[in-house]
Amino acid sequence: MAKALAKTRKRYTPLDLVYSSSVSGALNQNYDASYQTYDPDRGLVPLEILFTVRATDTKRVIDPGVINSKLTDIKWYENVVDEAHNITDGNTAYVIDRNGNSDSRGKLTVKKNTPLEGVVLIFTAKYTDPRDGKVVNVNATISLGVTVSTDEPLRVKVDYPYGQVVDPTENRDFVEIDNILYRGDEEYEGSIYRWLKKEGGDYTAIEEGDNGITGAYTGKLKVPCHVVGKRLDLRCETDVLPDLAGVNLVSKAMISDDWNALKSGISTPGEDADGKYLAIKQMELYNAFNNGKDDIFGEKIKYKPNQCYRLDVKWKMQGEQEHGGIVFVIKYTDGSSGQLGIDGGKVSLETVRLITKPGKTVQKITSLYGANLHDTNLYDLQLVEYHGENLVERGSKERKTSSGYVNVLNKLTATKYSLRFEKSETLEGTGITSRSAKVYDYTIGDTVSNTININDGEVGVITLKDGVDLTHDFKLLLYGKQNGMNTGVAASFHDIMLVEGEYTDETMPAYTPAADEFVPAIADGGERWQESTSKAITTDHVLSTQYPRCNTEIVAPSMILDDTSLFEASVIMHSSRGDIANPQLYWSFPWKDKTGAVFARGSKIFIKEEQFDNGEFDYSVDPVEGLNEAKWAANFNGIDQYLWNNNPSNIIPWGYQSAITHVIEFILNDFSDSDSYPLLNIVGMIGDYFYGLGISVLNEAYKRTIQYRTGTKSNVAMPNPDAGPHRGSHSIVPGKLYHVECVINLDGTFTATLNGEREELTLFGGAIFGDKLIRFGMYSHKYSNVKILRYEIFNEDRSVYHLWDFQPTNGDRANMLKNKNKDGSVNGTSNLTPANVPDIDNVDPANGFFVTI
């Protein structure tokens with residue numbers, strides 16, 4: 001009896017892994033923002049974290065218990081499980097217990113303080129099930145936090161950490177880095193940002209739009225992926241708005257350099273009897289800033305919340321016009337606005353002023369225009385913080401004593417005045433402990449107020465005596481010495497602020513320039529905050545490019561027929577995310593023969609028959625990361641471009657030869673919605689008559705075929721019954737190499753073969769050639785969807801011969817677009833010229849036009 005065989009396999013239930021955490025120390029720390037200290041400080045008192053792992057088997061095949069000593073591949077991560085965030089043994093801020101004989105295996109000792117945004121620690125390991133040898137993954141997480149002990153700490157929250165890796169093959173254009181300044185849990189409204197990049201050993205400021213980088217003055221920087229390169233070191237300097245009292249926030253460079261950088265001629269310098277000015281073309285300014293929607297100062301000015309500003313302008317129109325000239329529009333964050341404009345009839349110099357609305361926050365300043373018949377001459381413009389009306393008559397920014405005092409007031413309307421100057425300097429004199437001030441009545445020649453002694457930054461209150469006649473002529477006298485003494489004393493005073501009423505050091509309004517006093521702007525147009533405050537926070541970021549691990553595959557036939565003169569080979573890059581689309585954008589592909597010599601480059605190449613030796617050809621490809629070179633075949637796919645020669649009569653010798661042959665080799669890329677894919681259009685002229693040949697691929701619903709156009713401009717003297725387009729009889733398939741030959745007779749009749757098979761031509765429609773040129777690619781405002789590899793023309797005895805070979809010769813591209821003799825040497829001057837090249841930076845210097853494959 002035959003023996004029956006059977007096999008029985010045990011099936012084990014999955015292990016049940018249980019994690020428990022034990023902590024020695026505090027998971028949460030307290031942070032005192034005032035003193036910038038942690039409690040506890042982990043540099044002094046480290047934190048220990050142990051995940052105890054137990055395995056339970058319900059079938060009791062193995063005994064339950066702690067399995068830490070049997071764990072393998074133990075790792076800890078900060079926030080993200082990837083190599084960039086792996087806590088290695090070389091990280092001195094942590095210690096990982098790897099004792100193989102202990103249940104404490106995997107314990108983490110934390111020696112660094114937690115960042116204010118907190119951190120998540122992730123524990124991973126592997127355990128091999130002793131029952132069946134299968135590997136079980138271990139995963140556990142624990143969070144560390146920070147409690148801030150002050151009400152309003154300033155801190156930066158980053159969501160794109162140091163050392164982030166950019167994969168350029170991902171389907172995204174930008175990397176965005178958030179570096180936001182927070183007060184407590186709310187974004188701080190008065191924050192300012194400055195982004196820098198490392199060049200050499202120094203960090204330099206990033207200007208808005210530099211290499212496509214945007215957000216240079218915000219907490220969100222957008223970096224195009226292609227700008228990252230191998231490594232890009234960035235730094236963000238985050239600060240709070242400093243004291244800008246008395247500072248003109250608008251520089252002349254903003255009005256001249258910045259505006260003209262957007263559109264030349266917006267701002268033109270000039271000078272007349274009223275002084276130097278900048279002539280503003282108001283409509284050009286409006287257009288340059290997104291039709292009046294964008295900030296005309298490029299968002300360089302940061303406006304403080306609920307801060308009033310004063311806009312002062314000196315201007316006039318160059319000539320009278322019905323409508324006004326330039327209009328400055330103040331936009332507030334609540335959607336309301338105010339504006340300051342010049343009337344069309346103002347042809348003499350005037351000074352105008354606008355004070356922004358109290359309790360509102362300025363968002364930006366834009367522009368409008370009434371008419372553009374005449375330019376607006378801008379003699380001066382300033383934007384300053386407004387803290388109240390300064391009663392100083394003039395020169396409040398800086399005044400020097402003359403004979404010991406300064407006249408700063410000549411009209412009194414109240415009995416109490418508060419005075420402060422931010423800084424003073426002794427120019428002459430000794431024994432000076434303070435300055436002094438009082439009001440003097442020049443009408444009666446007597447002092448009519450108390451005399452106050454005052455130091456830099458202090459507030460002094462001057463009170464008029466009872467019975468003072470306010471119609472008299474008064475002066476406020478500032479003395480360089482205490483007690484109203486002026487003999488042998490001279491001093492200078494800076495940022496003088498005089499206001500009605502009685503104020504203290506805490507309630508006194510900040511300095512505002514006096515009425516009609518124009519404060520010089522910062523000349524270079526740089527940021528208003530050149531020096532950092534004590535609250536500034538510097539954060540470094542590093543972006544780097546890492547190409548995915550890929551397998552390189554060559555796709556090519558292993559065997560070709562004897563009569564094949566050209567065949568295609570291509571590279572496919574396989575990665576863990578799938579095949580990489582357009583690998584030629586990220587790798588260079590040098591193809592090498594068996595000697596190691598490079599004979600071509602590109603993700604796709606075409607190998608010629610003459611490269612074979614005894615019927616064999618050995619070759620390989622070595623991809624090189626990160627290089628984007630022009631590739632090898634003339635490819636007009638996707639770019640409105642063509643190659644042309646504007647004197648084709650010397651290559652179309654109808655009337656002089658009995659027949660002529662045209663040969664073109666091409667590959668159709670793929671199907672699209674275009675009506676046709678032009679390959680070649682040649683039109684010559686002999687006398688008053690056009691001669692030519694046109695070839696294109698018809699995109700018809702049922703099949704793709706070749707369309708041939710040949711003939712002359714018909715008339716009685718030279719009839720051409722077969723002029724017009726003909727349809728071929730064979731289908732065209734994308735990706736296949738096609739060899740087309742047309743033999744054209746003097747009367748316009750012709751024969752055509754496709755890959756050696758005769759085309760059965762069908763006449764349809766009609767066509768007349770209207771240009772004198774030879775053109776590959778672009779035709780009738782459509783671009784071709786083919787790769788053209790070769791074009792050849794000759795007569796029966798080859799006494800006339802022309803060749804354009806779009807393949808390199810042994811890696812040499814120098815003669816690709818030049819007219820060659822049949823032996824491949826350059827012959828004649830009928831070379832091809834590129835047209836409609838989209839970007840001059842993409843012109844290949846070796847062959848004069850953009851080529852890609």
# chains A, B, ... in the order shown; residues from 1 in each chain; ligands from 1
>>> residues_around(residues="Thr128 of chain A", least_positions_apart="3", cutoff="9 Å", atoms="only C-alpha atoms", output="list in words")
Lys70, Leu71, Thr72, Arg131, Asp132, Gly133, Lys134, Val135, Val136 and Asn137 of chain A
>>> write_last_selection(atoms="N, CA and C atoms", output="short mmCIF file (atom, residue, chain, number, x, y, z; two decimals), in the first residue's frame")
data_model
loop_
_atom_site.label_atom_id
_atom_site.label_comp_id
_atom_site.auth_asym_id
_atom_site.auth_seq_id
_atom_site.Cartn_x
_atom_site.Cartn_y
_atom_site.Cartn_z
N LYS A 70 17.23 40.95 26.29
CA LYS A 70 17.24 40.24 25.00
C LYS A 70 16.90 41.17 23.83
N LEU A 71 16.73 42.47 24.09
CA LEU A 71 16.39 43.42 23.02
C LEU A 71 17.63 43.68 22.14
N THR A 72 17.39 43.88 20.86
CA THR A 72 18.46 44.22 19.91
C THR A 72 18.08 45.50 19.16
N ARG A 131 10.10 31.28 19.91
CA ARG A 131 9.26 30.15 19.48
C ARG A 131 9.40 29.88 17.99
N ASP A 132 9.44 30.98 17.18
CA ASP A 132 9.46 30.77 15.74
C ASP A 132 10.52 31.62 15.03
N GLY A 133 11.30 32.40 15.80
CA GLY A 133 12.37 33.19 15.20
C GLY A 133 11.92 34.47 14.53
N LYS A 134 10.64 34.81 14.62
CA LYS A 134 10.16 36.04 14.00
C LYS A 134 10.56 37.25 14.84
N VAL A 135 10.83 38.39 14.15
CA VAL A 135 11.26 39.61 14.82
C VAL A 135 10.05 40.48 15.13
N VAL A 136 9.94 40.91 16.40
CA VAL A 136 8.85 41.77 16.84
C VAL A 136 9.40 43.16 17.12
N ASN A 137 8.73 44.20 16.62
CA ASN A 137 9.17 45.58 16.82
C ASN A 137 8.66 46.12 18.15
#
>>> residues_around(residues="Ile660 of chain A", least_positions_apart="4", cutoff="8 Å", atoms="only C-alpha atoms", output="PDB file with N, CA and C atoms, in the first residue's frame")
ATOM      1  N   TRP A 654      16.126  72.591 -57.149  1.00  0.00           N
ATOM      2  CA  TRP A 654      15.215  72.214 -58.227  1.00  0.00           C
ATOM      3  C   TRP A 654      15.460  73.117 -59.429  1.00  0.00           C
ATOM      4  N   VAL A 743      11.998  61.084 -52.256  1.00  0.00           N
ATOM      5  CA  VAL A 743      12.695  61.384 -53.511  1.00  0.00           C
ATOM      6  C   VAL A 743      11.767  62.263 -54.335  1.00  0.00           C
ATOM      7  N   ILE A 744      12.206  63.497 -54.590  1.00  0.00           N
ATOM      8  CA  ILE A 744      11.335  64.493 -55.208  1.00  0.00           C
ATOM      9  C   ILE A 744      11.840  64.786 -56.626  1.00  0.00           C
ATOM     10  N   ASN A 745      10.910  64.745 -57.580  1.00  0.00           N
ATOM     11  CA  ASN A 745      11.237  65.033 -58.966  1.00  0.00           C
ATOM     12  C   ASN A 745      10.984  66.494 -59.280  1.00  0.00           C
ATOM     13  N   ILE A 793      20.326  65.499 -47.082  1.00  0.00           N
ATOM     14  CA  ILE A 793      19.767  65.833 -48.394  1.00  0.00           C
ATOM     15  C   ILE A 793      20.862  65.658 -49.447  1.00  0.00           C
ATOM     16  N   PHE A 794      20.501  65.038 -50.600  1.00  0.00           N
ATOM     17  CA  PHE A 794      21.510  64.827 -51.653  1.00  0.00           C
ATOM     18  C   PHE A 794      20.792  64.608 -52.977  1.00  0.00           C
ATOM     19  N   ASN A 795      21.542  64.807 -54.078  1.00  0.00           N
ATOM     20  CA  ASN A 795      21.001  64.515 -55.394  1.00  0.00           C
ATOM     21  C   ASN A 795      21.495  63.148 -55.853  1.00  0.00           C
ATOM     22  N   GLU A 796      21.190  62.792 -57.112  1.00  0.00           N
ATOM     23  CA  GLU A 796      21.435  61.420 -57.533  1.00  0.00           C
ATOM     24  C   GLU A 796      22.911  61.045 -57.505  1.00  0.00           C
TER      25      GLU A 796
END
>>> residues_around(residues="Thr356 of chain A", least_positions_apart="5", cutoff="8 Å", atoms="only C-alpha atoms", output="list in words")
Cys308, Tyr309, Arg310, Ile330, Gly338 and Val362 of chain A
>>> write_last_selection(atoms="N, CA, C and O atoms", output="short mmCIF file (atom, residue, chain, number, x, y, z; two decimals), in the first residue's frame")
data_model
loop_
_atom_site.label_atom_id
_atom_site.label_comp_id
_atom_site.auth_asym_id
_atom_site.auth_seq_id
_atom_site.Cartn_x
_atom_site.Cartn_y
_atom_site.Cartn_z
N CYS A 308 0.68 105.37 16.45
CA CYS A 308 0.42 106.43 15.47
C CYS A 308 1.71 106.79 14.74
O CYS A 308 2.80 106.79 15.33
N TYR A 309 1.58 107.12 13.46
CA TYR A 309 2.71 107.57 12.65
C TYR A 309 2.34 108.87 11.95
O TYR A 309 1.17 109.15 11.67
N ARG A 310 3.37 109.68 11.67
CA ARG A 310 3.16 110.94 10.95
C ARG A 310 3.90 110.86 9.62
O ARG A 310 5.11 110.60 9.59
N ILE A 330 -2.66 104.85 3.35
CA ILE A 330 -2.36 104.12 4.58
C ILE A 330 -3.40 103.03 4.76
O ILE A 330 -4.59 103.32 4.87
N GLY A 338 -6.59 105.49 5.03
CA GLY A 338 -6.53 106.94 4.90
C GLY A 338 -5.56 107.26 3.79
O GLY A 338 -4.75 106.41 3.39
N VAL A 362 -1.08 100.16 11.59
CA VAL A 362 -0.79 100.29 10.16
C VAL A 362 -0.32 98.94 9.62
O VAL A 362 0.55 98.29 10.21
#
>>> closest_residue(among="A:Lys111, A:Lys481, A:Lys535, A:Lys126", to="Tyr182 of chain A", atoms="only C-alpha atoms")
A:Lys535
>>> closest_residue(among="A:Leu108, A:Leu50, A:Leu181, A:Ile67", to="Ile537 of chain A", atoms="only C-alpha atoms")
A:Leu181
>>> residues_around(residues="segment 234-236 of chain A", least_positions_apart="4", cutoff="9 Å", atoms="only C-alpha atoms", output="CSV table (one decimal) with all heavy atoms, in the first residue's frame")
chain,number,residue,atom,x,y,z
A,179,ASN,N,10.0,80.2,11.9
A,179,ASN,CA,10.9,80.6,13.0
A,179,ASN,C,10.2,81.7,13.7
A,179,ASN,O,10.6,82.9,13.7
A,179,ASN,CB,12.2,81.0,12.4
A,179,ASN,CG,13.3,81.1,13.5
A,179,ASN,OD1,14.1,80.2,13.6
A,179,ASN,ND2,13.4,82.2,14.3
A,193,TYR,N,12.2,90.1,12.0
A,193,TYR,CA,13.0,89.0,11.6
A,193,TYR,C,14.0,89.4,10.5
A,193,TYR,O,13.7,90.3,9.7
A,193,TYR,CB,12.1,87.9,10.9
A,193,TYR,CG,11.0,87.4,11.9
A,193,TYR,CD1,9.7,88.0,11.9
A,193,TYR,CD2,11.2,86.4,12.7
A,193,TYR,CE1,8.7,87.6,12.7
A,193,TYR,CE2,10.2,85.9,13.6
A,193,TYR,CZ,9.0,86.5,13.6
A,193,TYR,OH,8.0,86.1,14.4
A,194,ARG,N,15.1,88.8,10.5
A,194,ARG,CA,16.2,89.0,9.5
A,194,ARG,C,16.8,87.7,9.2
A,194,ARG,O,17.4,87.0,10.1
A,194,ARG,CB,17.2,90.0,10.0
A,194,ARG,CG,18.1,90.6,8.9
A,194,ARG,CD,17.2,91.5,8.0
A,194,ARG,NE,18.0,92.0,6.9
A,194,ARG,CZ,17.9,91.5,5.7
A,194,ARG,NH1,17.2,90.5,5.4
A,194,ARG,NH2,18.6,92.1,4.7
A,195,TRP,N,16.7,87.2,8.0
A,195,TRP,CA,17.3,86.0,7.6
A,195,TRP,C,18.7,86.2,6.9
A,195,TRP,O,18.8,87.1,6.1
A,195,TRP,CB,16.4,85.2,6.6
A,195,TRP,CG,15.2,84.6,7.3
A,195,TRP,CD1,14.0,85.3,7.6
A,195,TRP,CD2,15.1,83.3,7.9
A,195,TRP,NE1,13.1,84.4,8.2
A,195,TRP,CE2,13.8,83.2,8.4
A,195,TRP,CE3,15.9,82.2,8.0
A,195,TRP,CZ2,13.3,82.1,9.1
A,195,TRP,CZ3,15.5,81.1,8.6
A,195,TRP,CH2,14.2,81.0,9.1
A,196,LEU,N,19.6,85.3,7.2
A,196,LEU,CA,20.9,85.4,6.6
A,196,LEU,C,21.3,84.0,6.1
A,196,LEU,O,20.8,83.0,6.5
A,196,LEU,CB,22.0,85.9,7.6
A,196,LEU,CG,21.7,87.2,8.4
A,196,LEU,CD1,21.1,86.8,9.7
A,196,LEU,CD2,22.9,88.0,8.6
A,197,LYS,N,22.3,84.0,5.2
A,197,LYS,CA,22.8,82.7,4.7
A,197,LYS,C,24.3,82.8,4.7
A,197,LYS,O,25.0,83.8,4.7
A,197,LYS,CB,22.4,82.5,3.2
A,197,LYS,CG,22.8,83.5,2.2
A,197,LYS,CD,22.3,83.1,0.8
A,197,LYS,CE,22.8,84.2,-0.2
A,197,LYS,NZ,22.3,83.9,-1.5
A,198,LYS,N,24.9,81.6,4.9
A,198,LYS,CA,26.4,81.5,5.1
A,198,LYS,C,27.0,81.4,3.7
A,198,LYS,O,26.7,80.6,2.9
A,198,LYS,CB,26.7,80.3,5.9
A,198,LYS,CG,28.1,80.3,6.5
A,198,LYS,CD,28.3,79.1,7.5
A,198,LYS,CE,29.6,79.2,8.2
A,198,LYS,NZ,29.8,78.1,9.2
A,203,TYR,N,28.1,85.1,7.6
A,203,TYR,CA,26.6,85.1,7.3
A,203,TYR,C,26.3,86.5,6.6
A,203,TYR,O,26.7,87.5,7.2
A,203,TYR,CB,25.8,84.9,8.5
A,203,TYR,CG,25.7,83.5,8.9
A,203,TYR,CD1,26.5,82.9,9.9
A,203,TYR,CD2,24.6,82.7,8.4
A,203,TYR,CE1,26.4,81.6,10.2
A,203,TYR,CE2,24.5,81.3,8.8
A,203,TYR,CZ,25.4,80.8,9.7
A,203,TYR,OH,25.3,79.5,10.1
A,219,GLY,N,8.8,85.6,9.6
A,219,GLY,CA,9.1,84.4,10.4
A,219,GLY,C,9.0,83.1,9.6
A,219,GLY,O,9.2,82.1,10.1
A,537,ILE,N,17.0,86.7,19.6
A,537,ILE,CA,17.2,85.3,19.6
A,537,ILE,C,17.7,84.9,18.2
A,537,ILE,O,17.1,85.1,17.2
A,537,ILE,CB,15.9,84.5,19.9
A,537,ILE,CG1,15.3,85.0,21.3
A,537,ILE,CG2,16.1,83.0,19.9
A,537,ILE,CD1,14.0,84.4,21.6
A,538,THR,N,18.9,84.2,18.2
A,538,THR,CA,19.5,83.7,17.0
A,538,THR,C,19.3,82.2,16.8
A,538,THR,O,19.6,81.5,17.8
A,538,THR,CB,21.0,84.1,16.9
A,538,THR,OG1,21.1,85.5,17.0
A,538,THR,CG2,21.6,83.5,15.6
A,539,THR,N,18.7,81.8,15.7
A,539,THR,CA,18.5,80.4,15.5
A,539,THR,C,19.1,80.0,14.2
A,539,THR,O,18.9,80.6,13.1
A,539,THR,CB,17.0,80.1,15.4
A,539,THR,OG1,16.3,80.7,16.5
A,539,THR,CG2,16.7,78.6,15.4
A,540,ASP,N,19.9,78.9,14.2
A,540,ASP,CA,20.6,78.4,13.0
A,540,ASP,C,19.7,77.2,12.4
A,540,ASP,O,19.2,76.4,13.1
A,540,ASP,CB,22.0,77.9,13.3
A,540,ASP,CG,22.9,79.1,13.5
A,540,ASP,OD1,22.6,80.2,13.1
A,540,ASP,OD2,24.0,78.9,14.1
A,541,HIS,N,19.7,77.2,11.1
A,541,HIS,CA,19.0,76.1,10.3
A,541,HIS,C,20.0,75.6,9.2
A,541,HIS,O,20.7,76.4,8.6
A,541,HIS,CB,17.7,76.6,9.7
A,541,HIS,CG,16.8,77.3,10.6
A,541,HIS,ND1,15.7,76.6,11.2
A,541,HIS,CD2,16.7,78.6,11.1
A,541,HIS,CE1,15.1,77.5,12.0
A,541,HIS,NE2,15.7,78.6,11.9
A,542,VAL,N,20.0,74.4,9.0
A,542,VAL,CA,20.8,73.8,7.9
A,542,VAL,C,19.9,72.9,7.0
A,542,VAL,O,19.2,72.0,7.5
A,542,VAL,CB,22.0,73.0,8.4
A,542,VAL,CG1,22.7,72.3,7.3
A,542,VAL,CG2,22.9,73.8,9.3
A,543,LEU,N,19.9,73.2,5.7
A,543,LEU,CA,19.2,72.4,4.8
A,543,LEU,C,20.3,71.7,3.9
A,543,LEU,O,21.3,72.3,3.6
A,543,LEU,CB,18.3,73.3,3.8
A,543,LEU,CG,17.2,74.1,4.5
A,543,LEU,CD1,16.5,74.9,3.4
A,543,LEU,CD2,16.3,73.2,5.3
>>> closest_residue(among="A:His387, A:Lys331, A:His730, A:Arg183", to="Pro358 of chain A", atoms="only C-alpha atoms")
A:His387
>>> decode(residues="segment 308-327 of chain A", atoms="N, CA and C atoms", output="mmCIF file, in the first residue's frame")
data_model
loop_
_atom_site.group_PDB
_atom_site.id
_atom_site.type_symbol
_atom_site.label_atom_id
_atom_site.label_comp_id
_atom_site.auth_asym_id
_atom_site.auth_seq_id
_atom_site.Cartn_x
_atom_site.Cartn_y
_atom_site.Cartn_z
ATOM 1 N N CYS A 308 0.677 105.372 16.448
ATOM 2 C CA CYS A 308 0.415 106.428 15.470
ATOM 3 C C CYS A 308 1.711 106.789 14.743
ATOM 4 N N TYR A 309 1.576 107.121 13.460
ATOM 5 C CA TYR A 309 2.713 107.567 12.646
ATOM 6 C C TYR A 309 2.342 108.869 11.951
ATOM 7 N N ARG A 310 3.373 109.683 11.672
ATOM 8 C CA ARG A 310 3.160 110.937 10.947
ATOM 9 C C ARG A 310 3.901 110.860 9.621
ATOM 10 N N LEU A 311 3.164 111.076 8.551
ATOM 11 C CA LEU A 311 3.729 111.086 7.206
ATOM 12 C C LEU A 311 3.810 112.530 6.728
ATOM 13 N N ASP A 312 5.020 113.011 6.454
ATOM 14 C CA ASP A 312 5.243 114.376 5.974
ATOM 15 C C ASP A 312 5.862 114.319 4.583
ATOM 16 N N VAL A 313 5.326 115.127 3.661
ATOM 17 C CA VAL A 313 5.805 115.107 2.282
ATOM 18 C C VAL A 313 5.975 116.533 1.771
ATOM 19 N N LYS A 314 7.121 116.792 1.103
ATOM 20 C CA LYS A 314 7.327 118.030 0.354
ATOM 21 C C LYS A 314 7.300 117.664 -1.122
ATOM 22 N N TRP A 315 6.406 118.339 -1.889
ATOM 23 C CA TRP A 315 6.264 117.962 -3.288
ATOM 24 C C TRP A 315 5.613 119.064 -4.106
ATOM 25 N N LYS A 316 5.609 118.848 -5.419
ATOM 26 C CA LYS A 316 4.851 119.684 -6.349
ATOM 27 C C LYS A 316 4.722 118.911 -7.663
ATOM 28 N N MET A 317 3.752 119.342 -8.490
ATOM 29 C CA MET A 317 3.586 118.750 -9.809
ATOM 30 C C MET A 317 4.510 119.461 -10.801
ATOM 31 N N GLN A 318 4.999 118.729 -11.795
ATOM 32 C CA GLN A 318 5.846 119.347 -12.817
ATOM 33 C C GLN A 318 5.045 120.228 -13.766
ATOM 34 N N GLY A 319 3.766 120.044 -13.830
ATOM 35 C CA GLY A 319 2.892 120.870 -14.655
ATOM 36 C C GLY A 319 1.462 120.659 -14.230
ATOM 37 N N GLU A 320 0.595 121.629 -14.562
ATOM 38 C CA GLU A 320 -0.805 121.506 -14.165
ATOM 39 C C GLU A 320 -1.509 120.431 -14.975
ATOM 40 N N GLN A 321 -2.412 119.717 -14.315
ATOM 41 C CA GLN A 321 -3.231 118.717 -14.977
ATOM 42 C C GLN A 321 -4.584 118.662 -14.274
ATOM 43 N N GLU A 322 -5.564 118.114 -14.971
ATOM 44 C CA GLU A 322 -6.928 118.127 -14.445
ATOM 45 C C GLU A 322 -7.039 117.314 -13.165
ATOM 46 N N HIS A 323 -6.399 116.161 -13.133
ATOM 47 C CA HIS A 323 -6.478 115.291 -11.964
ATOM 48 C C HIS A 323 -5.174 115.345 -11.181
ATOM 49 N N GLY A 324 -5.226 114.835 -9.947
ATOM 50 C CA GLY A 324 -4.071 114.867 -9.084
ATOM 51 C C GLY A 324 -2.972 113.918 -9.543
ATOM 52 N N GLY A 325 -1.849 113.992 -8.828
ATOM 53 C CA GLY A 325 -0.727 113.114 -9.133
ATOM 54 C C GLY A 325 -0.705 111.916 -8.209
ATOM 55 N N ILE A 326 0.401 111.722 -7.529
ATOM 56 C CA ILE A 326 0.564 110.545 -6.689
ATOM 57 C C ILE A 326 -0.296 110.659 -5.426
ATOM 58 N N VAL A 327 -0.782 109.509 -4.954
ATOM 59 C CA VAL A 327 -1.562 109.413 -3.714
ATOM 60 C C VAL A 327 -0.960 108.301 -2.862
#
